[in-house]
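Here the structure is laid out as structure tokens; the discussion comes afterwards.
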There are 2 protein chains.
Amino acid sequence: MTEFIPPGTRHVDLPSPFQTRRDGALHGARMAYETWGRLDADASNAVLILTGLSPDAHAAASADDPSPGWWEAMLGPGKPIDTDRWFVVCVNTLGSCKGSTGPASINPDTGEMYRLEFPPLSVEDCADAAAHVVRALGIDRLACVIGNSMGGMVSLAFLLRHPGLARNHINISGAARALPFSIAIRSLQREAIRLDPNWNGGHYDDATYPESGMRMARKLGVITYRSALEWDGRFGRVRLDSDRQDEDPFGLEFEVESYLEAHARRFVRRFDPNCYLYLSRAMDWFDIGDCLGERGGQNRDGTLDALASIRIEKALVIGVQTDILFPLQQQEEIATGLAQGGVDARFLPLESPQGHDAFLVDIARFGPAIRGFLDQLPTAAG
Amino acid sequence: MTEFIPPGTRHVDLPSPFQTRRDGALHGARMAYETWGRLDADASNAVLILTGLSPDAHAAASADDPSPGWWEAMLGPGKPIDTDRWFVVCVNTLGSCKGSTGPASINPDTGEMYRLEFPPLSVEDCADAAAHVVRALGIDRLACVIGNSMGGMVSLAFLLRHPGLARNHINISGAARALPFSIAIRSLQREAIRLDPNWNGGHYDDATYPESGMRMARKLGVITYRSALEWDGRFGRVRLDSDRQDEDPFGLEFEVESYLEAHARRFVRRFDPNCYLYLSRAMDWFDIGDCLGERGGQNRDGTLDALASIRIEKALVIGVQTDILFPLQQQEEIATGLAQGGVDARFLPLESPQGHDAFLVDIARFGPAIRGFLDQLPTAAG
């Protein structure tokens with residue numbers, strides 16, 4: 001598959017072998033990241049950003065890559081995550097296809113792409129790999145870890161498994177465990193990919209890319225990343241011009257269908273289907289309660305106990321009323337659990353109409369919340 | 001395709017030709033229905049039930065077919081829709097494959113199945129066909145029309161296009177127009193079917209039934225018919241026993257996945273894919289505002305104007321807090337519009353956790369509401 005790795009990407013090698021949680025090991029694996037701002041002398045001003053399933057490490061423009069990043073409005077000089085003050089690191093998650101090692105990478109043991117030979121990937125593995133990047137950059141203690149969506153899950157595993165590596169945390173539209181509605185959605189996305197004959201058990205190439213399956217998966221994603229409320233105002237029942245309507249009797253007719261189609265077209269062939277399957281399944285598997293040892297999770301008590309064992313100073317947990325994928329109760333649960341462990345944790349529900357992905361677009365609400373939290377943090381190591 | 005028509009089904013011939021709204025015509029078409037109870041001497045105790053997309057006319061057990069119907073707990077002697085008092089008619093919708101004429105029926109002009117030669121089907125056509133059944137049974141004036149889900153849409157078109165044919169109305173989890181979130185979901189369901197190579201432009205048979213596409217469509221349906229809240233309590237993160245887990249690395253692992261799979265298996269091969277496409281698209285097209293003439297709808301004012309032109313006595317409009325497919329605001333809109341036209345309309349939001357399909361299962365909440373409304377209606381023609 002054609003890779004789309006931003007030009008500003010740098011790499012850190014993971015220890016070889018890198019042991020994964022479910023009895024696997026990676027050899028010669030590496031992590032992709034970008035940075036903005038300058039690390040101060042005592043390395044006390046570092047902020048780590050952990051992403052959702054699909055973004056690369058290019059969160060914002062930089063000298064090496066002036067193109068806009070996926071969180072351009074949030075990150076930069078004078079912006080809510082102010083790179084005049086903070087040294088910001090964004091990692092591309094382990095298991096991705098945007099520079100970090102994943103199922104689309106070459107397995108050095110065979111010289112072939114891993115595909116389904118990649119070891120089973122967990123959110124905990126993504127957290128451990130990100131922690132390695134932080135330490136490799138000479139940072140013993142992050143001022144803050146910021147995680148969005150899947151990155152919110154990775155953040156919690158990071159904080160629990162690497163105590164002392166971060167002082168504070170912003171969790172955005174995250175969850176401490178996957179619940180059945182989101183498992184059902186992701187299961188269906190994976191099924192759409194696996195049902196595409198081109199997927200072929202993971203053995204596709206550019207000429208036989210499972211485009212239909214990926215298009216379906218992405219459309220279902222977009223439906224759950226946004227909200228009915230936003231779409232009512234944005235699309236209503238507006239139809240496409242007749243010359244843009246599909247000739248097929250069941251083809252595109254409404255603006256909302258065209259919007260989904262455009263989103264899907266921008267995604268397919270820029271993301272590797274096997275990587276998608278691995279990361280999607282990792283989210284289903286995640287239950288912070290499991291981090292305590294045996295599968296002790298599976299219920300709210302186990303979740304709260306695990307959250308209460310996280311030792312940080314302050315946390316801001318942001319959620320959105322209209323999020324159907326990671327509903328607001330899940331962010332409230334995170335804040336409750338952290339507070340039970342003594343963290344100064346604030347739960348901030350926002351009225352954004354844009355649903356799960358509001359953090360990408362509703363900068364008017366998210367920007368001040370994130371800026372306000374970061375502004376009050378001391379930079380000098382305490 | 002093997003047909004599954006309940007043994008108690010009766011038929012009424014539609015006028016031939018039966019003109020459809022979008023410049024089509026059916027020849028020799030017929031409608032399937034079942035009845036319960038006895039029509040009184042002045043035909044004033046008749047209640048019509050209009051169904052969602054997939055149910056047949058067998059809403060409850062009867063002498064001709066003692067098997068339980070799809071609304072068994074709601075309908076029968078002494079039940080909320082009390083067949084000791086009411087003469088109840090349930091029709092299988094036009095366009096279905098459960099006894100009424102639809103895309104899987106034989107086109108008398110060609111001797112072949114209609115498939116995609118079936119004329120474009122609208123909710124208004126379904127309403128007109130149901131109105132014909134009512135009149136053919138010697139009923140000039142129904143005591144009440146009850147419509148669920150898509151049947152709630154059909155009911156509104158019925159009341160607007162056939163003034164005087166009904167005195168009262170119960171609208172359950174219905175909508176006066178399709179909004180973009182539900183259009184997006186249905187569009188994706190149709191795409192899943194159309195992408196299945198076995199669909200083959202509508203030309204499949206029993207040996208080449210598009211099972212994968214229908215399974216995907218049904219699973220996505222079930223996800224949107226229920227609610228995250230219900231599933232949290234019902235499935236949580238419970239995993240299948242290892243002997244029920246799929247050997248495929250991305251196969252079934254959680255109970256919720258197995259639940260979806262079981263639902264899908266019960267549905268595919270019992271419903272015709274082309275019928276599904278036609279009925280699904282009919283819902284997207286529906287906007288009660290269009291019933292006034294030109295596509296005047298497309299906004300809330302047109303919707304309310306159309307609703308306000310419906311002339312009935314009383315209405316009960318029930319919705320469910322956890323419904324993501326036909327959200328509560330849509331039932332409130334129906335009640336508001338009817339009331340603006342002088343109808344004694346009551347909006348009743350219920351706290352059912354089961355989402356859109358709550359009317360099928362939450363009899364404890366829906367039963368008393370429906371019984372209470374019907375009990376107060378006079379039987380003698382006014």
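Quick note on naming: the chains in the structure tokens go A, B, ... in the order shown, residues restart at 1 in each chain, and ligands are numbered from 1 in order of appearance.
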Note to self: Distance limit 7 Å, atoms considered: only C-alpha atoms. Which chain A residues sit that close to chain B? Return them as a list in words.
What the structure shows: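 The answer, sorted by residue number, is Leu179, Pro180, Phe181, Ala184, Ala228, Trp231, Asp232, Phe235, Gly236, Arg237, Val238, Val256, Glu257 and Gln298 of chain A.
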Least-squares Cα fit of chain B to chain A, output as a short mmCIF file (atom, residue, chain, number, x, y, z; two decimals) with C-alpha atoms, in the first residue's frame:
data_model
loop_
_atom_site.label_atom_id
_atom_site.label_comp_id
_atom_site.auth_asym_id
_atom_site.auth_seq_id
_atom_site.Cartn_x
_atom_site.Cartn_y
_atom_site.Cartn_z
CA MET B 1 0.01 -0.06 0.02
CA THR B 2 1.20 3.44 -0.71
CA GLU B 3 2.33 4.97 2.55
CA PHE B 4 1.38 8.48 3.57
CA ILE B 5 3.97 9.52 6.10
CA PRO B 6 4.22 13.26 6.73
CA PRO B 7 7.65 14.70 5.77
CA GLY B 8 8.31 16.10 9.25
CA THR B 9 8.12 12.66 10.87
CA ARG B 10 11.05 11.49 13.05
CA HIS B 11 11.59 8.03 14.45
CA VAL B 12 12.67 6.36 17.67
CA ASP B 13 13.60 2.69 17.73
CA LEU B 14 11.75 0.55 20.22
CA PRO B 15 13.74 -1.95 22.29
CA SER B 16 14.19 -5.14 20.28
CA PRO B 17 12.42 -7.35 21.09
CA PHE B 18 9.52 -5.16 22.18
CA GLN B 19 7.28 -7.46 24.21
CA THR B 20 3.57 -7.04 23.60
CA ARG B 21 0.98 -7.69 26.24
CA ARG B 22 -0.60 -10.74 24.66
CA ASP B 23 2.60 -12.80 24.48
CA GLY B 24 3.94 -11.36 21.28
CA ALA B 25 7.19 -9.63 20.40
CA LEU B 26 8.30 -7.17 17.74
CA HIS B 27 11.84 -6.97 16.41
CA GLY B 28 13.32 -3.80 15.02
CA ALA B 29 10.10 -1.84 15.56
CA ARG B 30 10.06 1.94 15.60
CA MET B 31 7.79 4.79 16.51
CA ALA B 32 7.05 7.92 14.46
CA TYR B 33 6.66 11.28 16.16
CA GLU B 34 6.83 15.01 15.61
CA THR B 35 7.68 17.78 18.05
CA TRP B 36 6.99 21.51 18.40
CA GLY B 37 8.57 24.10 20.68
CA ARG B 38 11.74 23.63 22.77
CA LEU B 39 12.37 21.34 25.67
CA ASP B 40 13.60 23.46 28.57
CA ALA B 41 16.78 22.77 30.51
CA ASP B 42 15.17 20.62 33.20
CA ALA B 43 12.83 18.92 30.70
CA SER B 44 9.81 20.02 32.67
CA ASN B 45 7.71 21.59 29.91
CA ALA B 46 6.89 18.52 27.83
CA VAL B 47 3.37 17.69 26.70
CA LEU B 48 2.51 14.42 24.97
CA ILE B 49 -0.41 14.09 22.55
CA LEU B 50 -1.92 10.64 21.96
CA THR B 51 -4.22 10.42 18.95
CA GLY B 52 -7.38 8.68 17.89
CA LEU B 53 -7.29 5.62 15.64
CA SER B 54 -6.29 7.16 12.34
CA PRO B 55 -4.28 10.42 12.70
CA ASP B 56 -0.57 10.60 12.00
CA ALA B 57 1.95 12.44 14.17
CA HIS B 58 1.55 15.67 12.19
CA ALA B 59 -0.76 17.47 14.58
CA ALA B 60 0.28 20.93 13.37
CA ALA B 61 2.54 22.73 10.93
CA SER B 62 6.23 22.82 11.74
CA ALA B 63 9.47 24.01 10.15
CA ASP B 64 10.00 20.58 8.61
CA ASP B 65 6.44 20.30 7.37
CA PRO B 66 4.52 23.57 6.98
CA SER B 67 1.32 21.85 5.84
CA PRO B 68 -1.57 22.13 8.31
CA GLY B 69 -1.84 19.29 10.81
CA TRP B 70 -4.93 17.49 12.05
CA TRP B 71 -5.15 19.70 15.18
CA GLU B 72 -3.78 22.86 13.58
CA ALA B 73 -6.11 25.26 15.40
CA MET B 74 -5.19 23.83 18.81
CA LEU B 75 -1.43 23.65 18.64
CA GLY B 76 1.20 26.30 17.89
CA PRO B 77 2.64 29.61 19.11
CA GLY B 78 -0.01 31.44 21.13
CA LYS B 79 -2.60 28.70 20.50
CA PRO B 80 -4.37 26.78 23.30
CA ILE B 81 -1.50 24.26 23.45
CA ASP B 82 1.04 27.06 23.27
CA THR B 83 4.30 25.92 21.72
CA ASP B 84 5.99 29.12 22.91
CA ARG B 85 5.73 27.60 26.36
CA TRP B 86 5.39 23.85 25.87
CA PHE B 87 7.55 21.29 24.15
CA VAL B 88 4.91 19.18 22.46
CA VAL B 89 5.37 15.61 21.26
CA CYS B 90 2.77 13.81 19.15
CA VAL B 91 3.31 10.12 18.44
CA ASN B 92 1.80 8.06 15.70
CA THR B 93 0.39 5.05 17.50
CA LEU B 94 2.01 1.63 17.42
CA GLY B 95 0.04 -0.48 14.94
CA SER B 96 -0.62 2.43 12.59
CA CYS B 97 0.57 2.85 9.00
CA LYS B 98 1.74 6.44 9.29
CA GLY B 99 5.35 5.84 10.23
CA SER B 100 5.18 3.69 13.36
CA THR B 101 5.48 -0.07 13.06
CA GLY B 102 2.25 -1.86 12.32
CA PRO B 103 0.73 -4.68 10.28
CA ALA B 104 1.66 -2.89 7.04
CA SER B 105 5.36 -2.72 8.03
CA ILE B 106 8.00 -5.18 6.91
CA ASN B 107 8.66 -8.01 9.34
CA PRO B 108 12.46 -8.19 9.54
CA ASP B 109 12.28 -11.91 10.30
CA THR B 110 10.65 -12.67 6.93
CA GLY B 111 11.29 -9.64 4.74
CA GLU B 112 7.55 -9.56 4.06
CA MET B 113 4.78 -7.32 5.31
CA TYR B 114 3.47 -8.48 8.67
CA ARG B 115 -0.19 -8.43 7.65
CA LEU B 116 -2.01 -10.78 10.06
CA GLU B 117 1.32 -12.11 11.39
CA PHE B 118 1.56 -8.90 13.41
CA PRO B 119 1.16 -9.84 17.08
CA PRO B 120 -2.21 -9.14 18.70
CA LEU B 121 -2.15 -5.44 19.54
CA SER B 122 -3.56 -3.92 22.71
CA VAL B 123 -4.07 -0.37 23.92
CA GLU B 124 -1.50 -1.18 26.60
CA ASP B 125 1.11 -1.91 23.89
CA CYS B 126 0.39 1.47 22.30
CA ALA B 127 0.88 3.09 25.73
CA ASP B 128 4.19 1.30 26.36
CA ALA B 129 5.52 2.27 22.96
CA ALA B 130 4.56 5.92 23.51
CA ALA B 131 6.24 5.85 26.93
CA HIS B 132 9.42 4.63 25.26
CA VAL B 133 9.37 7.62 22.88
CA VAL B 134 9.02 10.00 25.82
CA ARG B 135 11.99 8.52 27.66
CA ALA B 136 14.08 8.37 24.50
CA LEU B 137 13.60 12.13 24.14
CA GLY B 138 15.18 12.62 27.57
CA ILE B 139 11.93 13.33 29.37
CA ASP B 140 11.53 11.77 32.83
CA ARG B 141 8.33 13.51 33.68
CA LEU B 142 5.78 14.98 31.31
CA ALA B 143 3.94 18.09 32.39
CA CYS B 144 0.81 16.68 30.75
CA VAL B 145 -0.50 13.82 28.65
CA ILE B 146 -3.36 14.76 26.33
CA GLY B 147 -5.35 11.93 24.76
CA ASN B 148 -8.29 12.13 22.34
CA SER B 149 -10.74 9.30 21.66
CA MET B 150 -8.65 6.11 21.39
CA GLY B 151 -5.79 8.30 22.66
CA GLY B 152 -7.87 8.80 25.79
CA MET B 153 -7.77 5.04 26.32
CA VAL B 154 -4.05 4.91 25.57
CA SER B 155 -3.48 7.77 28.03
CA LEU B 156 -5.13 5.91 30.88
CA ALA B 157 -3.06 2.78 30.22
CA PHE B 158 0.04 5.01 29.97
CA LEU B 159 -0.64 6.68 33.32
CA LEU B 160 -1.37 3.39 35.08
CA ARG B 161 1.53 1.41 33.62
CA HIS B 162 4.14 4.18 33.83
CA PRO B 163 3.61 5.87 37.18
CA GLY B 164 5.61 9.04 37.58
CA LEU B 165 6.07 9.58 33.85
CA ALA B 166 3.39 12.28 33.76
CA ARG B 167 2.17 14.84 36.26
CA ASN B 168 -1.13 15.87 34.73
CA HIS B 169 -3.65 14.71 32.17
CA ILE B 170 -6.31 15.95 29.77
CA ASN B 171 -8.64 13.18 28.62
CA ILE B 172 -10.86 14.16 25.69
CA SER B 173 -13.85 12.09 24.58
CA GLY B 174 -12.13 9.01 25.95
CA ALA B 175 -13.21 5.91 27.82
CA ALA B 176 -11.86 3.63 30.52
CA ARG B 177 -13.30 0.56 28.80
CA ALA B 178 -15.13 -0.28 25.61
CA LEU B 179 -18.88 -0.74 26.00
CA PRO B 180 -21.15 -2.89 23.82
CA PHE B 181 -22.60 -0.18 21.54
CA SER B 182 -19.15 0.94 20.43
CA ILE B 183 -17.96 -2.68 20.25
CA ALA B 184 -20.93 -3.43 17.98
CA ILE B 185 -20.12 -0.51 15.69
CA ARG B 186 -16.44 -1.45 15.45
CA SER B 187 -17.26 -5.12 14.97
CA LEU B 188 -19.45 -4.17 12.02
CA GLN B 189 -16.71 -1.97 10.56
CA ARG B 190 -14.27 -4.86 10.77
CA GLU B 191 -16.82 -7.20 9.23
CA ALA B 192 -17.30 -4.82 6.29
CA ILE B 193 -13.56 -4.93 5.62
CA ARG B 194 -13.29 -8.67 6.07
CA LEU B 195 -16.29 -9.30 3.80
CA ASP B 196 -14.69 -7.40 0.96
CA PRO B 197 -13.34 -10.16 -1.31
CA ASN B 198 -10.29 -7.98 -1.96
CA TRP B 199 -9.32 -8.15 1.71
CA ASN B 200 -8.45 -11.79 1.06
CA GLY B 201 -7.42 -12.70 4.59
CA GLY B 202 -5.18 -9.64 4.75
CA HIS B 203 -3.35 -10.39 1.49
CA TYR B 204 -4.22 -7.43 -0.73
CA ASP B 205 -1.99 -5.03 -2.61
CA ASP B 206 -2.47 -1.66 -4.31
CA ALA B 207 -4.25 -3.29 -7.24
CA THR B 208 -6.59 -5.30 -5.03
CA TYR B 209 -7.09 -2.90 -2.13
CA PRO B 210 -10.42 -3.67 -0.30
CA GLU B 211 -11.86 -0.30 -1.17
CA SER B 212 -15.56 -1.14 -0.75
CA GLY B 213 -15.05 -2.56 2.73
CA MET B 214 -12.92 0.36 3.84
CA ARG B 215 -15.45 2.81 2.42
CA MET B 216 -18.26 1.16 4.38
CA ALA B 217 -16.16 1.10 7.55
CA ARG B 218 -15.27 4.75 7.21
CA LYS B 219 -18.82 5.84 6.50
CA LEU B 220 -20.06 4.02 9.56
CA GLY B 221 -17.25 5.68 11.50
CA VAL B 222 -18.19 9.15 10.31
CA ILE B 223 -21.86 8.52 11.19
CA THR B 224 -20.84 7.73 14.77
CA TYR B 225 -18.18 10.46 15.01
CA ARG B 226 -20.70 13.22 14.37
CA SER B 227 -24.22 13.79 15.61
CA ALA B 228 -27.78 13.83 14.35
CA LEU B 229 -28.21 17.32 15.76
CA GLU B 230 -25.31 18.77 13.77
CA TRP B 231 -26.47 17.08 10.57
CA ASP B 232 -30.04 18.31 10.92
CA GLY B 233 -28.75 21.87 10.80
CA ARG B 234 -26.07 21.23 8.23
CA PHE B 235 -27.78 18.99 5.69
CA GLY B 236 -31.46 18.79 6.56
CA ARG B 237 -33.19 17.13 3.62
CA VAL B 238 -31.24 19.00 0.98
CA ARG B 239 -30.84 16.98 -2.20
CA LEU B 240 -27.89 16.96 -4.55
CA ASP B 241 -28.23 18.84 -7.81
CA SER B 242 -29.62 16.43 -10.36
CA ASP B 243 -26.28 16.37 -12.20
CA ARG B 244 -24.55 15.23 -9.00
CA GLN B 245 -27.12 12.56 -8.26
CA ASP B 246 -26.18 9.02 -8.99
CA GLU B 247 -27.79 7.43 -12.04
CA ASP B 248 -28.11 4.21 -10.09
CA PRO B 249 -31.70 4.08 -8.73
CA PHE B 250 -30.36 3.52 -5.21
CA GLY B 251 -27.36 5.81 -5.55
CA LEU B 252 -26.56 9.18 -4.00
CA GLU B 253 -29.49 11.56 -3.71
CA PHE B 254 -29.14 13.58 -0.50
CA GLU B 255 -26.32 15.94 0.53
CA VAL B 256 -25.63 13.81 3.61
CA GLU B 257 -24.90 10.81 1.39
CA SER B 258 -22.49 12.83 -0.70
CA TYR B 259 -20.77 14.08 2.46
CA LEU B 260 -20.21 10.51 3.66
CA GLU B 261 -18.96 9.48 0.25
CA ALA B 262 -16.45 12.33 0.17
CA HIS B 263 -15.20 11.47 3.67
CA ALA B 264 -14.81 7.85 2.70
CA ARG B 265 -12.95 8.69 -0.52
CA ARG B 266 -10.46 10.81 1.39
CA PHE B 267 -9.79 7.94 3.79
CA VAL B 268 -9.54 4.78 1.72
CA ARG B 269 -6.13 4.07 0.18
CA ARG B 270 -4.63 6.40 2.78
CA PHE B 271 -5.06 3.91 5.59
CA ASP B 272 -4.06 0.29 5.68
CA PRO B 273 -7.02 -2.09 6.21
CA ASN B 274 -5.08 -4.56 8.37
CA CYS B 275 -3.84 -1.70 10.59
CA TYR B 276 -7.43 -0.58 10.88
CA LEU B 277 -8.52 -4.05 12.01
CA TYR B 278 -5.77 -4.28 14.63
CA LEU B 279 -6.36 -0.85 16.13
CA SER B 280 -10.13 -1.28 16.08
CA ARG B 281 -9.91 -4.59 17.93
CA ALA B 282 -7.46 -3.10 20.43
CA MET B 283 -10.15 -0.60 21.41
CA ASP B 284 -12.74 -3.35 21.93
CA TRP B 285 -10.29 -5.20 24.17
CA PHE B 286 -9.55 -2.19 26.35
CA ASP B 287 -10.73 -2.22 29.93
CA ILE B 288 -8.57 -0.29 32.37
CA GLY B 289 -9.66 -2.80 35.01
CA ASP B 290 -7.62 -5.44 33.18
CA CYS B 291 -4.47 -3.38 33.77
CA LEU B 292 -4.62 -4.35 37.44
CA GLY B 293 -3.93 -7.96 36.57
CA GLU B 294 -6.37 -10.71 35.65
CA ARG B 295 -9.42 -9.68 33.71
CA GLY B 296 -10.70 -8.02 36.84
CA GLY B 297 -12.56 -5.38 34.93
CA GLN B 298 -15.84 -6.20 33.22
CA ASN B 299 -17.72 -3.98 35.62
CA ARG B 300 -17.80 -0.46 36.93
CA ASP B 301 -16.12 -1.26 40.26
CA GLY B 302 -13.07 -2.76 38.58
CA THR B 303 -12.91 0.27 36.31
CA LEU B 304 -13.09 2.75 39.18
CA ASP B 305 -10.53 0.81 41.22
CA ALA B 306 -8.08 0.89 38.34
CA LEU B 307 -8.66 4.59 37.70
CA ALA B 308 -8.21 5.28 41.41
CA SER B 309 -4.78 3.69 41.29
CA ILE B 310 -3.50 6.32 38.84
CA ARG B 311 -1.11 8.73 40.58
CA ILE B 312 -1.10 12.14 38.98
CA GLU B 313 -1.77 15.66 40.24
CA LYS B 314 -4.49 17.22 38.13
CA ALA B 315 -6.80 15.99 35.41
CA LEU B 316 -9.33 17.57 33.10
CA VAL B 317 -11.80 15.12 31.58
CA ILE B 318 -13.80 16.57 28.70
CA GLY B 319 -16.80 14.96 27.05
CA VAL B 320 -19.53 16.02 24.68
CA GLN B 321 -23.28 15.71 25.19
CA THR B 322 -23.91 14.57 21.61
CA ASP B 323 -21.23 11.83 21.55
CA ILE B 324 -22.90 8.47 20.86
CA LEU B 325 -19.66 6.48 20.50
CA PHE B 326 -17.97 7.45 23.79
CA PRO B 327 -20.98 8.77 25.70
CA LEU B 328 -20.65 11.40 28.39
CA GLN B 329 -21.11 8.91 31.23
CA GLN B 330 -17.78 7.38 30.24
CA GLN B 331 -15.90 10.65 30.75
CA GLU B 332 -17.73 11.22 34.01
CA GLU B 333 -16.61 7.75 35.08
CA ILE B 334 -12.98 8.61 34.32
CA ALA B 335 -13.16 11.79 36.40
CA THR B 336 -14.91 9.98 39.25
CA GLY B 337 -12.34 7.18 39.34
CA LEU B 338 -9.36 9.55 39.19
CA ALA B 339 -10.84 11.67 41.97
CA GLN B 340 -11.37 8.57 44.12
CA GLY B 341 -7.63 8.03 43.93
CA GLY B 342 -6.91 11.57 45.10
CA VAL B 343 -6.37 13.26 41.74
CA ASP B 344 -7.64 16.83 41.46
CA ALA B 345 -9.93 15.80 38.60
CA ARG B 346 -12.48 17.97 36.86
CA PHE B 347 -15.23 16.62 34.61
CA LEU B 348 -16.20 19.09 31.91
CA PRO B 349 -19.21 18.23 29.74
CA LEU B 350 -19.43 20.46 26.67
CA GLU B 351 -22.53 21.28 24.66
CA SER B 352 -20.85 20.86 21.29
CA PRO B 353 -23.31 19.72 18.62
CA GLN B 354 -20.60 17.86 16.66
CA GLY B 355 -20.53 14.61 18.65
CA HIS B 356 -17.46 12.47 19.27
CA ASP B 357 -15.20 14.40 16.90
CA ALA B 358 -16.08 17.81 18.35
CA PHE B 359 -12.51 18.24 19.66
CA LEU B 360 -11.33 18.49 16.05
CA VAL B 361 -13.72 21.24 15.04
CA ASP B 362 -15.30 22.97 18.02
CA ILE B 363 -12.17 24.93 18.90
CA ALA B 364 -14.33 27.69 20.38
CA ARG B 365 -15.32 25.36 23.24
CA PHE B 366 -12.32 23.03 23.47
CA GLY B 367 -9.63 25.69 23.02
CA PRO B 368 -10.35 27.74 26.15
CA ALA B 369 -10.86 24.60 28.25
CA ILE B 370 -7.49 23.13 27.25
CA ARG B 371 -5.69 26.48 27.45
CA GLY B 372 -7.14 27.17 30.88
CA PHE B 373 -5.97 23.83 32.24
CA LEU B 374 -2.46 24.09 30.80
CA ASP B 375 -2.02 27.74 31.86
CA GLN B 376 -2.38 26.90 35.53
CA LEU B 377 0.22 24.12 35.48
CA PRO B 378 3.64 24.95 36.93
CA THR B 379 6.48 24.34 34.51
CA ALA B 380 9.35 23.84 36.98
CA ALA B 381 9.61 20.24 38.15
CA GLY B 382 7.90 19.91 41.51
#
